[in-house]
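Participant: Below is query29.tsv; it holds TSV, C-alpha atoms.
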```tsv
chain	number	residue	atom	x	y	z
A	242	MET	CA	-0.82	12.77	-16.98
A	243	LYS	CA	-4.00	11.39	-15.47
A	244	GLU	CA	-4.34	9.04	-18.41
A	245	ASN	CA	-0.88	7.74	-17.60
A	246	LEU	CA	-1.98	7.27	-14.01
A	247	SER	CA	-4.98	5.28	-15.19
A	248	ALA	CA	-2.69	3.04	-17.26
A	249	LEU	CA	-0.25	2.72	-14.37
A	250	MET	CA	-3.02	1.43	-12.12
A	251	ASP	CA	-3.83	-1.19	-14.72
A	252	GLY	CA	-0.23	-2.38	-14.97
A	253	GLU	CA	-0.09	-1.02	-18.51
A	254	LEU	CA	2.34	1.86	-18.28
A	255	ALA	CA	5.85	1.47	-19.66
A	256	ASP	CA	8.53	1.30	-16.97
A	257	LYS	CA	10.25	4.38	-18.30
A	258	ASP	CA	7.05	6.43	-17.86
A	259	ALA	CA	6.04	4.75	-14.64
A	260	GLU	CA	9.05	5.80	-12.60
A	261	PRO	CA	8.72	9.56	-13.14
A	262	LEU	CA	4.97	9.38	-12.64
A	263	ILE	CA	5.32	7.64	-9.31
A	264	LYS	CA	7.80	10.25	-8.26
A	265	ARG	CA	5.44	13.00	-9.29
A	266	LEU	CA	2.47	11.37	-7.57
A	267	ALA	CA	3.99	12.09	-4.20
A	268	GLY	CA	3.66	15.83	-4.58
A	269	ASP	CA	0.64	16.27	-6.80
A	270	ALA	CA	-2.68	16.61	-5.00
A	271	GLU	CA	-4.73	16.32	-8.15
A	272	LEU	CA	-3.10	13.06	-9.16
A	273	GLN	CA	-3.57	11.79	-5.64
A	274	SER	CA	-7.30	12.38	-5.68
A	275	ALA	CA	-7.56	10.75	-9.08
A	276	TRP	CA	-5.70	7.78	-7.64
A	277	GLN	CA	-8.18	7.58	-4.74
A	278	GLU	CA	-11.24	8.01	-6.97
A	279	PHE	CA	-10.11	5.54	-9.62
A	280	HIS	CA	-9.43	2.88	-7.02
A	281	LEU	CA	-12.77	3.52	-5.37
A	282	ILE	CA	-14.50	3.15	-8.72
A	283	GLY	CA	-12.70	-0.12	-9.38
A	284	ASP	CA	-13.72	-1.48	-5.98
A	285	ALA	CA	-17.31	-0.41	-6.58
A	286	LEU	CA	-17.42	-2.08	-9.98
A	287	ARG	CA	-16.06	-5.27	-8.47
A	288	GLY	CA	-18.85	-5.20	-5.93
A	289	ALA	CA	-16.87	-4.46	-2.78
A	290	SER	CA	-19.20	-3.98	0.12
A	291	LEU	CA	-17.34	-1.42	2.20
A	292	LEU	CA	-16.98	1.52	-0.09
A	293	SER	CA	-17.63	4.07	2.62
A	294	VAL	CA	-14.50	3.18	4.54
A	295	ASP	CA	-12.00	6.01	4.41
A	296	VAL	CA	-9.21	6.07	6.94
A	297	ARG	CA	-6.73	8.13	4.93
A	298	SER	CA	-6.71	11.21	7.10
A	299	GLU	CA	-6.76	9.25	10.37
A	300	VAL	CA	-3.83	7.12	9.30
A	301	SER	CA	-1.78	9.96	7.92
A	302	SER	CA	-2.33	12.15	10.97
A	303	THR	CA	-1.27	9.28	13.22
A	304	LEU	CA	1.79	8.70	11.07
A	305	ALA	CA	2.64	12.38	11.16
A	306	THR	CA	3.43	11.95	14.85
A	307	GLU	CA	5.49	8.82	14.25
A	308	PRO	CA	9.18	8.74	13.55
A	309	THR	CA	9.73	8.29	9.85
A	310	VAL	CA	10.57	4.71	9.02
A	311	LEU	CA	13.74	4.20	7.11
A	312	ALA	CA	14.67	0.81	5.86
A	313	PRO	CA	17.58	-0.58	3.93
A	314	ARG	CA	17.13	-0.91	0.22
A	315	SER	CA	15.89	-4.27	-0.90
A	316	LEU	CA	18.31	-7.13	-0.77
A	317	GLN	CA	17.91	-7.91	-4.43
A	318	ARG	CA	20.08	-5.02	-5.51
A	319	ARG	CA	23.39	-6.53	-6.36
A	320	VAL	CA	26.82	-5.11	-6.72
A	321	SER	CA	28.50	-6.43	-9.81
A	322	ARG	CA	31.96	-4.95	-10.16
A	323	PRO	CA	34.75	-6.54	-8.10
A	324	ALA	CA	36.08	-3.17	-7.00
A	325	ALA	CA	32.66	-2.22	-5.80
A	326	ARG	CA	32.42	-5.48	-3.99
A	327	PHE	CA	35.61	-4.74	-2.21
A	328	ALA	CA	34.39	-1.29	-1.28
A	329	VAL	CA	31.24	-2.78	0.03
A	330	ALA	CA	33.06	-5.35	2.07
A	331	ALA	CA	35.20	-2.65	3.60
A	332	SER	CA	32.21	-0.46	4.28
A	333	VAL	CA	30.27	-3.31	5.75
A	334	ALA	CA	33.10	-3.93	8.12
A	335	LEU	CA	33.17	-0.28	9.08
A	336	ALA	CA	29.43	-0.05	9.45
A	337	GLY	CA	29.55	-3.21	11.49
A	338	VAL	CA	32.02	-1.62	13.84
A	339	VAL	CA	29.99	1.53	14.06
A	340	GLY	CA	26.82	-0.45	14.56
A	341	TRP	CA	28.48	-2.55	17.22
A	342	TYR	CA	29.83	0.54	18.88
A	343	SER	CA	26.47	2.21	18.99
A	344	TRP	CA	24.95	-0.94	20.34
A	345	GLN	CA	27.58	-1.29	22.99
A	346	SER	CA	27.75	2.23	24.19
A	347	GLN	CA	24.09	3.05	23.84
A	348	PRO	CA	24.33	6.67	22.80
A	349	ALA	CA	20.75	7.74	22.54
A	350	ASP	CA	21.57	9.94	19.62
A	351	ALA	CA	20.71	8.66	16.19
A	352	GLY	CA	22.09	11.77	14.61
A	353	LEU	CA	25.51	11.03	15.96
A	354	VAL	CA	25.53	7.57	14.50
A	355	ALA	CA	24.40	8.93	11.21
A	356	GLN	CA	27.33	11.28	11.16
A	357	VAL	CA	29.81	8.65	12.08
A	358	VAL	CA	28.79	6.49	9.17
A	359	PRO	CA	30.35	8.12	6.13
A	360	ALA	CA	28.34	8.39	2.96
A	361	PRO	CA	31.04	8.39	0.29
A	362	SER	CA	29.22	6.62	-2.49
A	363	ALA	CA	26.14	4.94	-3.74
A	364	GLN	CA	27.49	1.63	-2.56
A	365	LEU	CA	26.56	2.64	0.88
A	366	GLN	CA	23.16	1.24	0.20
A	367	GLN	CA	24.78	-2.11	0.25
A	368	VAL	CA	26.29	-1.31	3.55
A	369	ALA	CA	22.91	-0.81	5.02
A	370	ASP	CA	21.73	-4.04	3.50
A	371	GLY	CA	24.62	-6.20	4.47
A	372	SER	CA	25.07	-4.87	7.92
A	373	GLN	CA	21.40	-5.08	8.64
A	374	LEU	CA	21.66	-8.83	8.78
A	375	TYR	CA	24.50	-8.47	11.17
A	376	LEU	CA	22.61	-5.99	13.26
A	377	ASP	CA	19.45	-8.00	13.21
A	378	ALA	CA	21.39	-10.80	14.76
A	379	HIS	CA	22.78	-8.58	17.47
A	380	GLN	CA	20.10	-6.34	18.63
A	381	ASP	CA	18.25	-8.19	21.27
A	382	GLY	CA	19.83	-5.72	23.60
A	383	ALA	CA	18.89	-2.38	24.94
A	384	VAL	CA	19.28	-0.21	21.89
A	385	GLY	CA	16.25	-0.83	19.77
A	386	ASP	CA	15.91	-1.11	16.04
A	387	GLY	CA	15.26	2.55	15.86
A	388	LEU	CA	18.73	3.75	16.64
A	389	THR	CA	20.80	1.41	14.54
A	390	ARG	CA	18.39	1.40	11.64
A	391	VAL	CA	18.09	5.11	11.48
A	392	GLY	CA	21.80	5.55	11.76
A	393	LEU	CA	22.75	3.14	9.07
A	394	SER	CA	19.93	3.83	6.75
A	395	GLN	CA	20.36	7.54	6.67
A	396	PRO	CA	22.73	7.64	3.69
A	397	VAL	CA	20.36	5.56	1.63
A	398	ALA	CA	18.09	8.53	1.31
A	399	GLN	CA	20.85	10.42	-0.39
A	400	GLY	CA	22.00	7.52	-2.52
A	401	VAL	CA	21.36	6.91	-6.17
A	402	ARG	CA	18.11	8.17	-7.50
B	232	MET	CA	8.09	-2.43	-24.09
B	233	THR	CA	7.99	-3.65	-20.54
B	234	THR	CA	5.26	-2.29	-18.36
B	235	MET	CA	5.18	-1.96	-14.63
B	236	SER	CA	3.03	-4.64	-13.03
B	237	ASP	CA	0.72	-3.99	-10.14
B	238	ARG	CA	3.01	-5.82	-7.78
B	239	GLU	CA	6.03	-3.83	-8.94
B	240	LEU	CA	4.07	-0.63	-8.49
B	241	ASP	CA	3.26	-1.56	-4.90
B	242	GLN	CA	6.88	-2.48	-4.34
B	243	GLN	CA	7.99	0.92	-5.62
B	244	LEU	CA	5.58	2.66	-3.28
B	245	VAL	CA	6.76	0.52	-0.40
B	246	GLU	CA	10.39	1.35	-1.14
B	247	ARG	CA	9.63	5.04	-1.29
B	248	ALA	CA	7.83	4.81	2.03
B	249	GLN	CA	10.78	2.86	3.43
B	250	ARG	CA	12.99	5.74	2.41
B	251	GLY	CA	10.87	8.09	4.47
B	252	GLU	CA	8.28	9.30	2.01
B	253	LYS	CA	5.09	9.03	4.00
B	254	ARG	CA	3.00	10.19	1.07
B	255	ALA	CA	3.85	6.98	-0.74
B	256	PHE	CA	2.34	5.03	2.13
B	257	ASP	CA	-0.82	7.17	1.95
B	258	LEU	CA	-1.24	5.95	-1.61
B	259	LEU	CA	-1.15	2.36	-0.46
B	260	VAL	CA	-3.76	3.18	2.19
B	261	SER	CA	-5.89	4.76	-0.49
B	262	LYS	CA	-5.59	1.73	-2.67
B	263	TYR	CA	-6.10	-1.04	-0.14
B	264	GLN	CA	-8.33	0.36	2.60
B	265	ARG	CA	-11.60	-0.93	1.16
B	266	ARG	CA	-10.21	-4.35	0.34
B	267	LEU	CA	-8.71	-4.67	3.80
B	268	SER	CA	-11.94	-3.63	5.52
B	269	ARG	CA	-13.82	-6.06	3.41
B	270	LEU	CA	-11.57	-8.83	4.66
B	271	LEU	CA	-11.99	-7.63	8.25
B	272	SER	CA	-15.74	-7.53	7.89
B	273	ARG	CA	-15.65	-11.30	7.73
B	274	PHE	CA	-14.98	-11.38	11.43
B	275	ILE	CA	-15.84	-8.02	12.91
B	276	ARG	CA	-19.45	-7.05	12.75
B	277	ASP	CA	-19.73	-3.41	13.59
B	278	SER	CA	-18.69	-1.10	10.77
B	279	ALA	CA	-17.21	1.50	13.11
B	280	ASP	CA	-15.04	-1.25	14.63
B	281	ILE	CA	-14.04	-2.40	11.17
B	282	GLU	CA	-12.92	1.10	10.33
B	283	ASP	CA	-10.95	1.41	13.58
B	284	VAL	CA	-9.21	-1.91	13.06
B	285	THR	CA	-8.46	-1.03	9.44
B	286	GLN	CA	-6.84	2.16	10.59
B	287	GLU	CA	-4.86	0.40	13.31
B	288	ALA	CA	-3.69	-2.25	10.87
B	289	PHE	CA	-2.29	0.38	8.51
B	290	VAL	CA	-0.46	2.12	11.32
B	291	LYS	CA	1.03	-1.21	12.40
B	292	ALA	CA	1.97	-1.96	8.82
B	293	TYR	CA	3.76	1.36	8.58
B	294	ARG	CA	5.72	0.65	11.74
B	295	ALA	CA	6.64	-2.80	10.46
B	296	LEU	CA	7.58	-1.52	7.03
B	297	PRO	CA	11.35	-1.72	7.56
B	298	SER	CA	10.98	-5.47	7.86
B	299	PHE	CA	9.04	-5.85	4.61
B	300	ARG	CA	11.40	-7.26	1.99
B	301	GLY	CA	9.08	-7.80	-0.90
B	302	GLU	CA	9.23	-11.58	-0.68
B	303	SER	CA	5.47	-11.64	-0.77
B	304	ALA	CA	3.13	-9.17	-2.39
B	305	PHE	CA	2.51	-6.12	-0.25
B	306	TYR	CA	-1.17	-6.83	0.12
B	307	THR	CA	-0.74	-10.39	1.41
B	308	TRP	CA	1.62	-9.03	4.01
B	309	LEU	CA	-0.88	-6.29	4.83
B	310	TYR	CA	-3.75	-8.77	5.10
B	311	ARG	CA	-1.77	-10.83	7.57
B	312	ILE	CA	-1.23	-7.77	9.74
B	313	GLY	CA	-4.93	-6.97	9.37
B	314	ILE	CA	-5.96	-10.43	10.51
B	315	ASN	CA	-3.68	-10.27	13.54
B	316	THR	CA	-4.96	-6.82	14.43
B	317	ALA	CA	-8.52	-8.11	14.21
B	318	LYS	CA	-7.68	-11.06	16.44
B	319	ASN	CA	-6.20	-8.77	19.04
B	320	PHE	CA	-9.18	-6.49	18.84
B	321	LEU	CA	-11.62	-9.32	19.35
B	322	THR	CA	-9.64	-10.71	22.23
B	323	SER	CA	-9.24	-7.40	24.02
B	324	ALA	CA	-12.86	-6.52	23.45
B	325	GLY	CA	-13.62	-9.69	25.37
B	326	ARG	CA	-15.26	-11.08	22.31
B	327	ARG	CA	-13.58	-14.37	21.73
B	328	PRO	CA	-13.11	-14.44	18.03
B	329	VAL	CA	-16.33	-16.04	17.00
B	330	VAL	CA	-14.09	-18.55	15.37
B	331	SER	CA	-14.04	-21.72	17.27
B	332	ALA	CA	-11.07	-24.01	17.07
B	333	GLU	CA	-12.46	-25.92	14.18
B	334	TYR	CA	-11.94	-22.95	11.93
B	335	GLU	CA	-8.31	-22.56	12.75
B	336	ASP	CA	-5.59	-24.25	10.81
B	337	GLU	CA	-2.62	-26.06	12.36
B	338	ASP	CA	-0.76	-22.95	13.34
B	339	GLY	CA	-4.00	-21.44	14.52
B	340	ASP	CA	-3.55	-18.65	12.09
B	341	THR	CA	-6.46	-18.69	9.78
B	342	LEU	CA	-9.72	-17.09	10.60
B	343	ASP	CA	-12.17	-18.41	8.16
B	344	MET	CA	-15.37	-16.74	9.05
B	345	ALA	CA	-17.22	-17.61	5.94
B	346	SER	CA	-19.71	-19.49	8.02
B	347	GLN	CA	-20.97	-16.41	9.73
B	348	VAL	CA	-20.79	-13.64	7.21
B	349	PRO	CA	-22.24	-10.89	9.31
B	350	ASP	CA	-23.03	-7.94	7.06
B	351	TYR	CA	-24.18	-6.17	10.12
B	352	HIS	CA	-23.06	-2.68	9.36
B	353	THR	CA	-24.36	0.50	10.87
B	354	PRO	CA	-27.16	2.15	8.93
B	355	GLU	CA	-25.09	5.24	8.06
B	356	ALA	CA	-22.22	3.24	6.60
B	357	GLU	CA	-24.65	1.01	4.81
B	358	MET	CA	-26.42	4.02	3.36
B	359	MET	CA	-23.18	5.54	2.20
B	360	ASN	CA	-22.17	2.27	0.53
B	361	GLN	CA	-25.46	2.14	-1.27
B	362	GLN	CA	-25.17	5.73	-2.40
B	363	ILE	CA	-21.67	5.28	-3.78
B	364	LEU	CA	-22.65	2.10	-5.52
B	365	ALA	CA	-25.76	3.70	-6.99
B	366	ALA	CA	-23.81	6.73	-8.20
B	367	VAL	CA	-21.16	4.54	-9.85
B	368	ASN	CA	-23.74	2.31	-11.50
B	369	ALA	CA	-25.74	5.28	-12.75
B	370	ALA	CA	-22.61	6.91	-14.14
B	371	VAL	CA	-21.59	3.70	-15.88
B	372	ALA	CA	-25.04	3.35	-17.38
B	373	ARG	CA	-24.76	6.84	-18.85
B	374	LEU	CA	-21.40	6.21	-20.49
B	375	PRO	CA	-21.17	5.88	-24.25
B	376	GLU	CA	-21.19	2.21	-25.04
B	377	GLU	CA	-17.54	1.88	-26.06
B	378	LEU	CA	-16.41	3.46	-22.80
B	379	ARG	CA	-18.74	1.28	-20.77
B	380	THR	CA	-17.52	-1.86	-22.48
B	381	ALA	CA	-13.87	-0.95	-22.04
B	382	ILE	CA	-14.12	-0.14	-18.31
B	383	SER	CA	-16.25	-3.23	-17.64
B	384	LEU	CA	-13.84	-5.56	-19.39
B	385	ARG	CA	-11.03	-4.03	-17.40
B	386	GLU	CA	-12.51	-3.75	-13.91
B	387	MET	CA	-14.99	-6.58	-13.82
B	388	GLU	CA	-13.34	-9.09	-16.12
B	389	GLY	CA	-9.77	-8.11	-15.35
B	390	LEU	CA	-8.68	-8.20	-18.99
B	391	SER	CA	-5.43	-6.65	-20.15
B	392	TYR	CA	-5.44	-3.75	-22.60
B	393	GLU	CA	-4.29	-6.11	-25.30
B	394	GLU	CA	-7.17	-8.50	-24.67
B	395	ILE	CA	-9.65	-5.65	-24.60
B	396	ALA	CA	-8.22	-4.32	-27.87
B	397	GLU	CA	-8.81	-7.70	-29.43
B	398	ALA	CA	-12.30	-8.01	-28.03
B	399	MET	CA	-13.26	-4.52	-29.15
B	400	ASN	CA	-11.31	-4.65	-32.37
B	401	CYS	CA	-9.48	-1.39	-31.83
B	402	PRO	CA	-5.89	-0.26	-31.13
B	403	ILE	CA	-4.47	-0.54	-27.62
B	404	GLY	CA	-4.08	3.23	-27.44
B	405	THR	CA	-7.81	3.57	-27.93
B	406	VAL	CA	-8.49	1.12	-25.12
B	407	ARG	CA	-6.23	3.05	-22.83
B	408	SER	CA	-7.96	6.31	-23.62
B	409	ARG	CA	-11.47	4.85	-23.31
B	410	ILE	CA	-10.75	3.39	-19.91
B	411	PHE	CA	-9.35	6.67	-18.74
B	412	ARG	CA	-12.29	8.68	-20.06
B	413	ALA	CA	-14.70	6.26	-18.41
B	414	ARG	CA	-12.95	6.69	-15.07
B	415	GLU	CA	-12.96	10.45	-15.40
B	416	ALA	CA	-16.65	10.54	-16.23
B	417	ILE	CA	-17.58	8.31	-13.30
B	418	ALA	CA	-15.31	10.25	-10.93
B	419	THR	CA	-16.93	13.52	-11.94
B	420	GLU	CA	-20.35	12.22	-11.01
B	421	LEU	CA	-19.08	10.68	-7.81
B	422	ARG	CA	-17.26	13.74	-6.53
B	423	PRO	CA	-20.22	15.71	-5.10
B	424	LEU	CA	-21.27	12.68	-3.10
B	425	LEU	CA	-17.78	12.10	-1.75
B	426	ASP	CA	-17.42	15.75	-0.81
B	427	THR	CA	-20.68	15.65	1.12
B	428	ALA	CA	-19.52	12.53	2.91
B	429	LYS	CA	-16.27	14.20	3.85
B	430	ASN	CA	-18.09	17.22	5.27
B	431	LYS	CA	-20.43	15.08	7.27
B	432	ARG	CA	-17.56	13.16	8.67
B	433	TRP	CA	-15.69	16.17	9.90
```
Before we go any further, please render this structure as structure tokens.

Facilitator:
Amino acid sequence: MKENLSALMDGELADKDAEPLIKRLAGDAELQSAWQEFHLIGDALRGASLLSVDVRSEVSSTLATEPTVLAPRSLQRRVSRPAARFAVAASVALAGVVGWYSWQSQPADAGLVAQVVPAPSAQLQQVADGSQLYLDAHQDGAVGDGLTRVGLSQPVAQGVR
Amino acid sequence: MTTMSDRELDQQLVERAQRGEKRAFDLLVSKYQRRLSRLLSRFIRDSADIEDVTQEAFVKAYRALPSFRGESAFYTWLYRIGINTAKNFLTSAGRRPVVSAEYEDEDGDTLDMASQVPDYHTPEAEMMNQQILAAVNAAVARLPEELRTAISLREMEGLSYEEIAEAMNCPIGTVRSRIFRAREAIATELRPLLDTAKNKRW
């Protein structure tokens, strides 16, 4: 497994092996320290001058107190089937309404918004994507990114994958 | 067989972090912290300050992560945040960025500090750097030759496995295994030093 990690770091691991390894990396302390050590070694061999810098624990303890960021899936993901496109269009409209509603009425409850947005299918990812543009254009107002983003992005976490 | 490029790997980690997996972001910190500090050292002198600004830049990057769309590589985006964080630091510390106007580009966005490379780190940090470097070099020197050649061609010359296989006249699978064994051997020798450093720190 560590040999796969080494190859992954070099851009030499097959896609099909890379995906499960990345997934596994998140929960495997041994792989994580190998990742840290291997990168440190690479930097040392390339003559980097600041090898002693290590802010991992400071950063992660600061982040532990932060709200978790949730963002829409990347825009590149496309929907190909016409039926799916229709579903997306409909969902975008709905999400738009919900987003607009939450923006208008300023309920300071992200959980509520998350519940209002239904999560019927994987296409919901697209909802988050599409409506984000809409929301980006409309959120100069009082309700910050946090609320609308959290609300609309929630289902993404449960989507495909 | 398509392999996952470095940029794709970063993008995957970013997307996982964007979906709420903080651990994925830790991995990016792990990977880029030394490179980012090295960049920052071009315009911040004190090594403790460099470390603080590095830390702050990563926290800012995490907060800004929802807006990262993968149009640029993750690290160029991170470096930009790092440079802005450094500018703010220098301004608030009352130290006008030692850059004078002539070093700024039209949008005033580039800090090219090449002219005053400071290398003015605190003795402890400097000592630690030296120790890590010495340990890595010593470990590399002790490697069997074929491992040493493979890891050097990879890390110093940036060759692909295929190119290394050609240069060393061996199968790609052998290259892959040699590079891994080299890393393991070096890591094993490095570990006691890193553990000591961690204990000192805390």

Participant: Could you name the residues that touch region 255-268 of chain A at 6 Å or less, counting only C-alpha atoms, but leaving out those on the same chain fewer than 4 positions away, as a list in words?

Facilitator: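 Counting only the stated atoms, we get Thr233, Thr234, Met235 and Arg254 of chain B.
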
Participant: Any chance you could tabulate, as a tab-separated table, the residues of chain A at most 7 Å from chain B with each one's nearest atom pair and distance in Å to one decimal, using all atoms listed in the file, in chain and rising number order?

Facilitator:
```
residue	atom	partner	partner_atom	distance
A:Glu244	CA	B:Phe411	CA	5.6
A:Ser247	CA	B:Phe411	CA	5.8
A:Ala248	CA	B:Arg407	CA	6.6
A:Met250	CA	B:Asp237	CA	6.9
A:Gly252	CA	B:Ser236	CA	4.4
A:Glu253	CA	B:Thr234	CA	5.5
A:Leu254	CA	B:Thr234	CA	5.1
A:Ala255	CA	B:Thr234	CA	4.0
A:Asp256	CA	B:Thr234	CA	5.1
A:Ala259	CA	B:Met235	CA	6.8
A:Ala267	CA	B:Arg254	CA	5.7
A:Gln277	CA	B:Ser261	CA	5.6
A:Glu278	CA	B:Ala418	CA	6.1
A:Phe279	CA	B:Arg414	CA	6.3
A:His280	CA	B:Lys262	CA	5.9
A:Ile282	CA	B:Val367	CA	6.9
A:Gly283	CA	B:Glu386	CA	5.8
A:Ala285	CA	B:Leu364	CA	6.0
A:Leu286	CA	B:Met387	CA	6.4
A:Arg287	CA	B:Met387	CA	5.6
A:Ser290	CA	B:Arg269	CA	6.6
A:Leu291	CA	B:Arg265	CA	5.9
A:Leu292	CA	B:Asn360	CA	5.3
A:Ser293	CA	B:Asn360	CA	5.3
A:Val294	CA	B:Arg265	CA	6.1
A:Asp295	CA	B:Gln264	CA	7.0
A:Val296	CA	B:Gln286	CA	5.9
A:Arg297	CA	B:Val260	CA	6.4
A:Val300	CA	B:Gln286	CA	5.9
A:Ser301	CA	B:Asp257	CA	6.7
A:Leu304	CA	B:Val290	CA	7.0
A:Thr309	CA	B:Gly251	CA	5.5
A:Val310	CA	B:Gly251	CA	5.7
A:Leu311	CA	B:Gln249	CA	4.9
A:Ala312	CA	B:Pro297	CA	4.5
A:Ser315	CA	B:Arg300	CA	6.1
A:Ala398	CA	B:Arg250	CA	5.9
```

Participant: Using CA of Cys401 (chain B) and CA of Asn245 (chain A) as the two end points, give the distance in Å to one decimal.

Facilitator: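 That distance, rounded to one decimal, is 19.0 Å.
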
Participant: What's around Ile312 (chain B) at 9 Å? Count all atoms listed in the file, leave out sequence neighbours fewer than 4 positions away in its own chain, and write the answer as an mmCIF file with C-alpha atoms, keeping the file's coordinate frame.

Facilitator:
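The resulting out_14.cif:
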```cif
data_model
loop_
_atom_site.group_PDB
_atom_site.id
_atom_site.type_symbol
_atom_site.label_atom_id
_atom_site.label_comp_id
_atom_site.auth_asym_id
_atom_site.auth_seq_id
_atom_site.Cartn_x
_atom_site.Cartn_y
_atom_site.Cartn_z
ATOM 1 C CA ALA B 288 -3.690 -2.250 10.870
ATOM 2 C CA PHE B 289 -2.290 0.380 8.510
ATOM 3 C CA LYS B 291 1.030 -1.210 12.400
ATOM 4 C CA ALA B 292 1.970 -1.960 8.820
ATOM 5 C CA THR B 307 -0.740 -10.390 1.410
ATOM 6 C CA TRP B 308 1.620 -9.030 4.010
ATOM 7 C CA THR B 316 -4.960 -6.820 14.430
ATOM 8 C CA ALA B 317 -8.520 -8.110 14.210
#
```

Participant: Quick one: pull the distance between CA of Asp426 (chain B) and CA of Ala289 (chain A), Å, one decimal.

Facilitator: 20.3 Å

Participant: One decimal, in Å: what's the spacing between CA of Leu281 (chain A) and CA of Ala369 (chain B)?

Facilitator: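 Result for CA of Leu281 (chain A) versus CA of Ala369 (chain B): 15.0 Å, one decimal.
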